[in-house]
Structures are given as C-alpha cells and as structure tokens.
Amino acid sequence: MAKLLTIQGGKPLQGEVHVRGAKNLVPKAMVASLLGSAPSEMRNVPEIKDVEIVTNLLTIHGVKVERDAEAGIMQLDPRETYSAEHSEIDAYAGDSRIPILFCGPLMHKNGEAFIPDLGGCRIGDRPINYHLEVLRTFGAVVDKQVSGIHISAPKGLRGAKLELPFPSVGATEQVLLTAVLAEGITELKNAAVEPEIHDLIAILQQMGALITVYTDRTIRIEGVSQLSGYRHRAIPDRNETASWASAALVTEGDIYVRGAAQRDLTAFLNIYRKIGGEFEVDDDGMRFWHDSKPLQPLVLETDVHPGFMTDWQQPMVVALTQAQGVSIIHETVYENRFGFTQALQRMGASIQLHRECLGSTPCRFGQRNFLHSAVISGPSELTGSDIDIPDLRGGFSHLIAALAAKGTSNVTGIEIIARGYEHFIDKITGLGADIELTER
Ligand SMILES: CC(=O)N[C@H]1[C@@H](OP(=O)(O)OP(=O)(O)OC[C@H]2O[C@@H](n3ccc(=O)[nH]c3=O)[C@H](O)[C@@H]2O)O[C@H](CO)[C@@H](O)[C@@H]1O
Ligand SMILES: C=C(OP(=O)(O)O)C(=O)O
C-alpha cells in the first residue's frame, strides 16, 4: 500500500534529532568486509534502505550478517561466501548504486561477479563507464547482459596506472576495493577525496591494506595477498546533518543534531553562515538555528570535495527561496539535479533554470543542453501543494518546503527518502511538525 504524508506547514522545527553513520560510507564498508578472511564489525550503522539492500546482497553471497539495529552494531562474517544465482541478484535491480562496488571483492573471492542494473537517484545519466574502464585495466572481462553485467577475472587482477576523467566517488571506491588484493601496485590519479573515501581507506588499512593518499588527488595502493576483518565506527552522515541544518533555516527553527561532526562540513558551514544561519558546536553534536533576521541571497557552485557538495544543493535551494534577493546556483557534478524545483515553483517559488554555466567552476555540461544553473528570486511565500517525491535529496527538500509552507501538502513517494534518512517521519514529528501518515 502506498503511503500518503499530509503536512500542515508553518511551524518552526524545534528540538533534537540523532544522526548516525553516513549513507555514503556504511554500505561500502559492508562491501569491504567481503575482502576479509575474518569477520568485521561496523558501529553507528543507520536503519536505512541502502543498508538493507546491501545486507540482502551480502547474505545471498553467503556472508553472515548479524545486527543489533537499535544499537547500530553489525557483524559481518565473509568466511563462507559463494556465487549467488543471477535471479536472486536481479531482484535488487534498480534499488541502489552500491552493487557495482561488489565487482572487485567478488572477483577476488569467487573469480566472477554478476551485478544487477543500478538504481540510485535519477539526477543525471549516471553512467558506469569509469568503473568498467578501470576494471578492464585491472584485467577484468566485462560482459554486458540484457539486464546487469557479468564480470570475471580469468587471469587474476593486476595493479595498474589509472587516471579518472573526473574525480568520481564511486569509481575511486571501485579502484580501492579492487586494488587492495590485486597483484602489484596501483596508482590512481584524479581520485575523489571525499571524507567517506578517507573513512573507507581507514577501514581497508585496518584490514591490512597498504594505501597512501597524496595531496594532489593521487592514491597509491600496494596489493597484499590477504586481508583480515575490521572494527570500525562509521563517520556521521554529513549530508543528513546538512539537510537538518537547512530545515532549521527554512522553517525558522532550532535543531540540535546529535552525532553531527563539524570537520567534514566546512564548505557547507561557510555558506550557512553567509546566508544567515547560526550554528554552534559541542562534543556531542551541532546546533543549527535561524532567528528571524532576513536570509541573504548568494552565488554558489557545487563541486567535488572540498567544495560545496552536490547533495547539499537541493535543501539549500529551498532556503534560498526565502532569501531577500537573487541567488545563483551552478550545479557542476550532475547534469540534471534541478528537476525537483518544478514542485517548488508550484508552491510559489521563483526559480529559473538555465543551460549556461552561471559560474566559473569548469563543468562538463555547459554546451550540452542541460538545465544545470538556477536563478532563485526571493523571498517567496510558499503554499502547500500535492507533491510526488522524485529522488532522495529532492524529496527531503520538498518535505522542508512543505513544512515551511502555508496550508496543506499531500506528499506521496516518501519511501524514496528512507533510502538515506533514518526514521525521518519520527524525527520530523519529534521536532514538532504537524503531519499525518496514512496508507492508501
Ligand atoms: C552512494 C554514494 O556514495 N553516492 C554519492 C556518490 O555517487 P556516485 O559515486 O555515483 O557519484 P560519482 O562521483 O561517481 O559521480 C560524479 C559524476 O561523475 C559521472 N560519472 C561517474 C562514474 C562513471 O563511471 N562515469 C561518469 O560519468 C557521474 O555521472 C557524475 O556526473 O558521489 C556523489 C558525488 O559526491 C554523491 O552525490 C552521491 O550521494
Ligand atoms: C545522489 C545520492 O545518492 P545515490 O548516489 O545513492 O543515488 C544522494 O545521496 O544524494
């Protein structure tokens, strides 16, 4: 049965939420456990859909996964893995982007892997050409099938000199998860250096991997013949933290995010302060609030780390609809991440999308007919609307717009949000929102 969330907007969100491990790290750490010849333990594991999907995928490959969901502790025992049936794996087609990262570990373990078609947010084409190219360079043979891909390493996997055309997070993780047990040395240039990548490297190092990260986006990996397990506490979800911070800004609220860490939010906090948000930090988390002073418009470009992360863009757009003046956003990571603004426009926001690059950060989309720049004029009074959630961050952005809007919004498709936001309905309720969840 589909869920319908009815939101009566206009109440500031006030109170506390608890943010646990990062969606963009935990499922990958779970995949890394496959590389070990001993069990691993992960702490700070959130109850989100992507963790569930990877748990199921590991389980059908023979990994024993045990979990205390409330305590956030997961044990993963990979000692008796095997190749799963294609039909079993195919059941997860279209669910998440993580399955592509099974390639290296499963080839090391079983000599082959079958990967279902990927899911994840529809915010651009999201090809996997970099992944396949690096895997081929390691010596893998890729066979694209009607649905999914079969990949094998008949002659084993050997370290290689690699350079990514763009510092892709996923392709960098692909290289790490493959190179650690490949024969010889791998050098990756133009690697992504997001905090979640550093956390994955910390995990692999605990397992016995030899990895060096240089300051120029180069990563060097010396392959080893065997890895053990790890015990690790995942870094907190900086994207969920930024989302709650934006919710406080949009609703004139005051939210304490227990578990949040300042360090990986530098670029976000600079913008938050410039727009007029307030924050303070203590040992257990961060408080974000917006007193009644007017929000300031600004010019912003998304970028790879250490820039302003693309996943923060969508909630921040909602805040900018409330700023006094014209703001400009240039999205340089995904070619199609402004589709969610249509619903905001229906709610009363003034947002124009442009094909041109409205910014100076070099981007791949300028001459290619993609609406990847936005001009937002504020402040606009938002009114409630019927909304069907399009993607994860766009969906959370719609929720906070509806929570700030005058009147009632009827929101469908909220299941998508559970892919990356733990217990978000309970959290919003706990912050004082006037919402009702019904099944249809
Ligand atoms: C599960 C996860 O961690 N998701 C994050 C990860 O996604 P993901 O790892 O999928 O993102 P990438 O960094 O790979 O993608 C960045 C850009 O590279 C392009 N590209 C990527 C791979 C490839 O083979 N070919 C190609 O052209 C993509 O289309 C995109 O335009 O990093 C993104 C960028 O920080 C975040 O928005 C996502 O939240
Ligand atoms: C784009 C995102 O996730 P995914 O890569 O899992 O689709 C996101 O978390 O905003």
# chains A, B, ... in the order shown; residues from 1 in each chain; ligands from 1
>>> select_by_dssp(residues="segment 107-269 of chain A", states="strand (DSSP E)", output="PyMOL selection string")
chain A and resi 112-115+141-144+149-152+161-163+185-189+210-213+219-222+231-233+254-258
>>> residues_near_ligand(ligand="ligand 2", cutoff="6 Å", atoms="only C-alpha atoms and all ligand atoms", output="list in words")
Arg97, Gly120, Cys121, Asp311, Leu392 and Arg393 of chain A
>>> write_last_selection(atoms="N, CA and C atoms", output="mmCIF file, in the first residue's frame")
data_model
loop_
_atom_site.group_PDB
_atom_site.id
_atom_site.type_symbol
_atom_site.label_atom_id
_atom_site.label_comp_id
_atom_site.auth_asym_id
_atom_site.auth_seq_id
_atom_site.Cartn_x
_atom_site.Cartn_y
_atom_site.Cartn_z
ATOM 1 N N ARG A 97 22.928 2.233 -5.913
ATOM 2 C CA ARG A 97 24.149 2.312 -6.722
ATOM 3 C C ARG A 97 25.250 1.401 -6.186
ATOM 4 N N GLY A 120 19.521 4.195 -7.530
ATOM 5 C CA GLY A 120 20.042 5.482 -7.061
ATOM 6 C C GLY A 120 19.206 6.602 -7.644
ATOM 7 N N CYS A 121 19.554 7.828 -7.272
ATOM 8 C CA CYS A 121 18.723 8.969 -7.670
ATOM 9 C C CYS A 121 18.860 9.271 -9.147
ATOM 10 N N ASP A 311 25.070 17.081 -2.884
ATOM 11 C CA ASP A 311 23.936 16.563 -2.106
ATOM 12 C C ASP A 311 23.376 17.601 -1.122
ATOM 13 N N LEU A 392 15.989 11.257 -3.581
ATOM 14 C CA LEU A 392 16.273 11.325 -2.145
ATOM 15 C C LEU A 392 16.372 12.758 -1.593
ATOM 16 N N ARG A 393 17.353 13.508 -2.085
ATOM 17 C CA ARG A 393 17.541 14.883 -1.537
ATOM 18 C C ARG A 393 16.441 15.815 -2.006
#
>>> closest_residue(among="A:Ala69, A:Asn239, A:Pro165, A:Ser228", to="Gly420 of chain A", atoms="only C-alpha atoms")
A:Asn239
>>> residues_near_ligand(ligand="ligand 1", cutoff="7 Å", atoms="only C-alpha atoms and all ligand atoms", output="CSV table (one decimal) with N, CA and C atoms, in the first residue's frame")
chain,number,residue,atom,x,y,z
A,23,LYS,N,25.3,7.4,5.0
A,23,LYS,CA,24.7,6.5,3.9
A,23,LYS,C,25.8,6.3,2.8
A,24,ASN,N,26.7,7.3,2.6
A,24,ASN,CA,27.6,7.1,1.5
A,24,ASN,C,28.9,6.4,2.0
A,25,LEU,N,28.9,5.9,3.3
A,25,LEU,CA,30.1,5.1,3.7
A,25,LEU,C,29.6,3.7,4.1
A,97,ARG,N,22.9,2.2,-5.9
A,97,ARG,CA,24.1,2.3,-6.7
A,97,ARG,C,25.2,1.4,-6.2
A,98,ILE,N,25.1,0.9,-5.0
A,98,ILE,CA,26.2,0.1,-4.3
A,98,ILE,C,26.6,-1.2,-5.1
A,124,GLY,N,20.7,12.6,-13.4
A,124,GLY,CA,21.6,12.6,-14.5
A,124,GLY,C,21.7,11.2,-15.0
A,125,ASP,N,22.4,11.1,-16.1
A,125,ASP,CA,22.5,9.8,-16.7
A,125,ASP,C,23.2,8.7,-15.8
A,126,ARG,N,24.2,9.1,-15.1
A,126,ARG,CA,25.0,8.3,-14.1
A,126,ARG,C,25.5,7.1,-14.8
A,127,PRO,N,26.3,7.2,-15.8
A,127,PRO,CA,26.9,6.1,-16.5
A,127,PRO,C,27.9,5.4,-15.6
A,128,ILE,N,28.4,4.2,-15.9
A,128,ILE,CA,29.4,3.5,-15.1
A,128,ILE,C,30.6,3.2,-16.0
A,129,ASN,N,30.8,4.0,-17.0
A,129,ASN,CA,32.0,3.8,-17.9
A,129,ASN,C,33.3,3.9,-17.2
A,130,TYR,N,33.5,4.8,-16.2
A,130,TYR,CA,34.8,4.8,-15.5
A,130,TYR,C,35.0,3.5,-14.7
A,131,HIS,N,33.9,3.0,-14.1
A,131,HIS,CA,34.1,1.8,-13.3
A,131,HIS,C,34.6,0.6,-14.2
A,166,PHE,N,37.2,12.4,-14.3
A,166,PHE,CA,36.5,13.2,-13.3
A,166,PHE,C,36.7,12.5,-12.0
A,167,PRO,N,36.9,13.3,-10.9
A,167,PRO,CA,37.1,12.6,-9.6
A,167,PRO,C,35.8,11.9,-9.1
A,168,SER,N,35.5,10.8,-9.7
A,168,SER,CA,34.2,10.1,-9.3
A,168,SER,C,34.4,9.4,-8.0
A,169,VAL,N,33.4,9.6,-7.1
A,169,VAL,CA,33.5,8.9,-5.8
A,169,VAL,C,33.4,7.4,-6.0
A,170,GLY,N,32.4,7.0,-6.8
A,170,GLY,CA,32.2,5.5,-6.9
A,170,GLY,C,33.4,4.9,-7.6
A,171,ALA,N,33.9,5.5,-8.7
A,171,ALA,CA,35.0,4.9,-9.4
A,171,ALA,C,36.2,4.8,-8.6
A,304,VAL,N,33.2,18.9,-6.3
A,304,VAL,CA,33.8,17.7,-5.6
A,304,VAL,C,34.4,18.2,-4.3
A,309,MET,N,29.2,20.4,-1.5
A,309,MET,CA,28.8,19.1,-2.1
A,309,MET,C,27.4,19.2,-2.8
A,310,THR,N,27.3,18.5,-3.9
A,310,THR,CA,26.0,18.5,-4.7
A,310,THR,C,24.8,18.0,-3.8
A,311,ASP,N,25.1,17.1,-2.9
A,311,ASP,CA,23.9,16.6,-2.1
A,311,ASP,C,23.4,17.6,-1.1
A,333,VAL,N,28.3,18.9,-10.7
A,333,VAL,CA,28.5,17.4,-10.6
A,333,VAL,C,27.5,16.6,-11.3
A,334,TYR,N,26.3,17.0,-11.3
A,334,TYR,CA,25.2,16.2,-12.1
A,334,TYR,C,24.6,17.1,-13.1
A,335,GLU,N,24.3,16.6,-14.2
A,335,GLU,CA,23.7,17.4,-15.3
A,335,GLU,C,22.2,17.7,-15.1
>>> residues_around(residues="segment 31-41 of chain A", least_positions_apart="3", cutoff="9 Å", atoms="only C-alpha atoms", output="JSON, numbers by chain")
{"A": [26, 27, 28, 54, 58, 63, 73, 74, 75, 76, 77, 78, 79, 81, 98, 99, 101, 102, 104, 105, 106, 108, 109, 177, 180, 181, 200, 203, 204, 207, 226, 227, 228, 229, 230, 231, 232, 233]}
>>> closest_residue(among="A:Gly384, A:Gly208, A:Pro12, A:Pro116", to="Leu249 of chain A", atoms="only C-alpha atoms")
A:Pro12
>>> select_by_dssp(residues="segment 33-252 of chain A", states="helix (DSSP H, G or I)", output="JSON, numbers by chain")
{"A": [33, 34, 35, 49, 50, 51, 52, 53, 54, 55, 56, 57, 58, 59, 60, 86, 87, 88, 89, 90, 98, 99, 100, 101, 102, 103, 104, 105, 106, 107, 108, 109, 110, 129, 130, 131, 132, 133, 134, 135, 136, 137, 138, 169, 170, 171, 172, 173, 174, 175, 176, 177, 178, 179, 195, 196, 197, 198, 199, 200, 201, 202, 203, 204, 205, 206, 207, 238, 239, 240, 241, 242, 243, 244, 245, 246, 247, 248, 249, 250]}
>>> closest_residue(among="A:Arg337, A:His330, A:Lys406, A:His86", to="Val375 of chain A", atoms="only C-alpha atoms")
A:His330
